[in-house]
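Encoded as structure tokens, the structure appears first; notes follow it.
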Amino acid sequence: MKLLLIGSGGREHALAWKLAQSPLVETLHCAPGNAGIAEVADIVDIKADDMIGLIALIQREAYDFVVVGPEQPLAMGLVDALNDMGVRTFGPTQAAAQLESSKAFTKALCDKYKIPTAAYGVFTDIKEAKAFLKTMKAPYVLKADGLAAGKGVVIPETLKDAEAELKEFFSGKFGDASKTVLIEEFMHGQEASFFAISDGKTALPLIAAQDHKRAFDGDKGPNTGGMGAYSPAPVFTNEILATVMEKIIQPTIYGMAKDGHPFKGVLFAGLMITKDGPKLIEYNARFGDPECQVVMRRLQSDLLPILLAAEAGELDKAEAPAWFEEPVANVVLAAKGYPGDYKKGSIINGVEEVNEKDGVVVFHAGTRRGKNCGKLKANGGRVLNVTASGETLEEAVERAYDAVENIKWSQKQFRTDIAHHALMSS
């Protein structure tokens with residue numbers, strides 16, 4: 001088959017790495033890709049949000065199958081356009097992708113189909129928002145309704161700080177994404193990321209992971225797109241899995257279909273495991289990043305037949321995927337200053353050597369090759385994902401950090417406590 005993968009992050013490198021292993025794949029292209037993806041796929045220099053360019057490329061190349069990685073083209077309706085063209089595509093339609101592109105949409109779905117989630121309010125007026133805020137207890141959870149690259153959530157500790165943040169939200173802190181703001185109760189517990197693939201009527205459970213959203217050790221600092229992840233997540237037991245499927249995933253699939261926008265694609269449930277059981281924090285309509293990297297490392301089965309079955313509406317006939325038992329940890333190397341201002345263009349050395357270490361695979365995110373020198377250069381905020389497997393989670397983490405130390409990059413910034421929840425409880 002001739003495939004096109006859309007995206008340029010660590011998630012897409014992990015997907016490209018796994019898809020390239022499939023005996024069904026003859027040709028793999030990626031738009032726009034990165035320096036790491038270029039090692040396993042042919043790169044096409046078209047951005048993931050360039051709808052006109054992507055459609056022209058797909059018409060010209062006549063791909064057998066298109067896999068959409070990031071959220072932006074999903075929210076823009078790329079899958080709808082490709083469906084109209086008769087192109088087989090993995091990913092939800094624009095209406096179904098509202099599960100991620102509008103947190104208010106998801107909360108309404110939760111209300112309608114009794115999916116457990118945090119108490120909340122939705123606001124477009126700052127006075128009404130401030131009045132509601134005074135009815136809540138600290139810490140306060142403020143969320144931009146729309147897409148904000150994983151950074152649209154703040155958790156102020158005081159009412160004064162929360163009111164100041166509300167002012168920034170409504171003043172355009174996250175652009176159009178924060179024209180509508182959600183205020184939620186703060187849920188206590190451990191977070192987990194759970195993934196399932198849906199064909200619109202059937203949900204095939206995958207596995208769970210835990211990621212680290214805050215920029216600094218000890219879960220301090222601003223939210224980021226994710227600074228690391230690991231799988232399996234000890235907090236996500238078989239009992240929790242059964243509850244999540246019954247009370248969260250299945251009602252979502254049912255509700256979306258009943259409401260006229262069946263969900264085909266990856267359903268990524270951000271969960272809080274509370275003393276009252278798992279509750280939905282929010283949905284994403286695609287694989288997580290950095291969670292996808294550890295999920296793909298643990299996936300033993302061929303990924304492509306699963307995606308094809310989902311697109312065809314035949315997941316009920318698909319075999320349950322097989323998984324490697326070895327834990328995997330992922331440490332994100334970001335550019336100094338991320339998620340704030342950072343510089344591009346610094347040179348990175350040692351990645352090739354690190355990739356030869358036992359159990360280590362480095363997935364690229366914000367990287368490029370210098371046009372004249374061919375050297376690897378930083379080209380984004382989150383730049384590399386150092387993944388490592390091991391017989392135990394402790395061994396996987398040790399291998400990952402050993403690899404991190406052997407990557408020579410003057411601008412690298414990373415957390416030193418990935419998987420600390422699991423390691424402390426073991």
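Ligands are numbered from 1 in the order shown, chains are lettered A, B, ... in the order of the structure tokens, and residues start at 1 in each chain.
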
Contact check, range 240-305 of chain A to range 366-387 of chain A, at most 10 Å, counting only C-alpha atoms, closest pairs as a tab-separated table:
residue	atom	partner	partner_atom	distance
A:Asp289	CA	A:Asn385	CA	9.6
A:Pro290	CA	A:Asn385	CA	7.6
A:Gln293	CA	A:Thr387	CA	7.4
A:Val294	CA	A:Thr387	CA	7.0
A:Arg297	CA	A:Thr387	CA	8.1

Find the spatial neighbours of Ala148 in chain A, counting only C-alpha atoms, within a cut-off of 9 Å - ignore same-chain residues fewer than 6 positions away - and output them as a PyMOL selection string.
chain A and resi 174-175+177-178

Got time to write the residues from that selection, C-alpha atoms, as a short mmCIF file (atom, residue, chain, number, x, y, z; two decimals), in the first residue's frame?
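In the end it all went to selection.cif:
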data_model
loop_
_atom_site.label_atom_id
_atom_site.label_comp_id
_atom_site.auth_asym_id
_atom_site.auth_seq_id
_atom_site.Cartn_x
_atom_site.Cartn_y
_atom_site.Cartn_z
CA PHE A 174 -4.93 31.66 23.77
CA GLY A 175 -6.42 33.54 20.83
CA ALA A 177 -9.47 29.24 21.77
CA SER A 178 -10.17 31.21 24.96
#

Computed interatomic separation between CA of Ala97 in chain A and CA of Leu19 in chain A (Å):
23.1 Å

DSSP on the backbone, alpha helix (DSSP H) only: what residues of range 86-145 of chain A does that give? Format it as an NGL selection string.
:A and (98-101 or 103-113 or 126-133)

Contacts of Leu206 in chain A within 9 Å, only C-alpha atoms, excl. fewer than 4 positions in-chain, as a list in words:
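Within the cut-off, the hits are Phe194, Phe195, Ala196, Ile197, Val295, Ala320 and Pro321 of chain A.
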
Keeping C-alpha atoms for every residue in the selection just given, could you write it to a file as a PDB file, in the first residue's frame?
ATOM      1  CA  PHE A 194      -6.132   5.745  28.041  1.00  0.00           C
ATOM      2  CA  PHE A 195      -6.449   5.001  24.347  1.00  0.00           C
ATOM      3  CA  ALA A 196      -9.103   3.193  22.350  1.00  0.00           C
ATOM      4  CA  ILE A 197      -9.703   2.972  18.622  1.00  0.00           C
ATOM      5  CA  VAL A 295       2.375   3.006  23.247  1.00  0.00           C
ATOM      6  CA  ALA A 320      -7.145  -7.659  19.963  1.00  0.00           C
ATOM      7  CA  PRO A 321      -3.624  -6.227  19.646  1.00  0.00           C
TER       8      PRO A 321
END

Neighbours of Arg298 in chain A within 8 Å (only C-alpha atoms; same-chain residues fewer than 5 positions away dropped), as a PyMOL selection string?
chain A and resi 323-328

Create the file for the chosen residues now, containing C-alpha atoms and written as a PDB file, in the first residue's frame.
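This is the output file result_20.pdb:
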ATOM      1  CA  TRP A 323       1.623  -5.948  23.623  1.00  0.00           C
ATOM      2  CA  PHE A 324       5.187  -6.288  24.847  1.00  0.00           C
ATOM      3  CA  GLU A 325       5.198  -6.661  28.623  1.00  0.00           C
ATOM      4  CA  GLU A 326       8.381  -4.651  29.128  1.00  0.00           C
ATOM      5  CA  PRO A 327       7.709  -1.153  30.494  1.00  0.00           C
ATOM      6  CA  VAL A 328       8.747   1.841  28.394  1.00  0.00           C
TER       7      VAL A 328
END
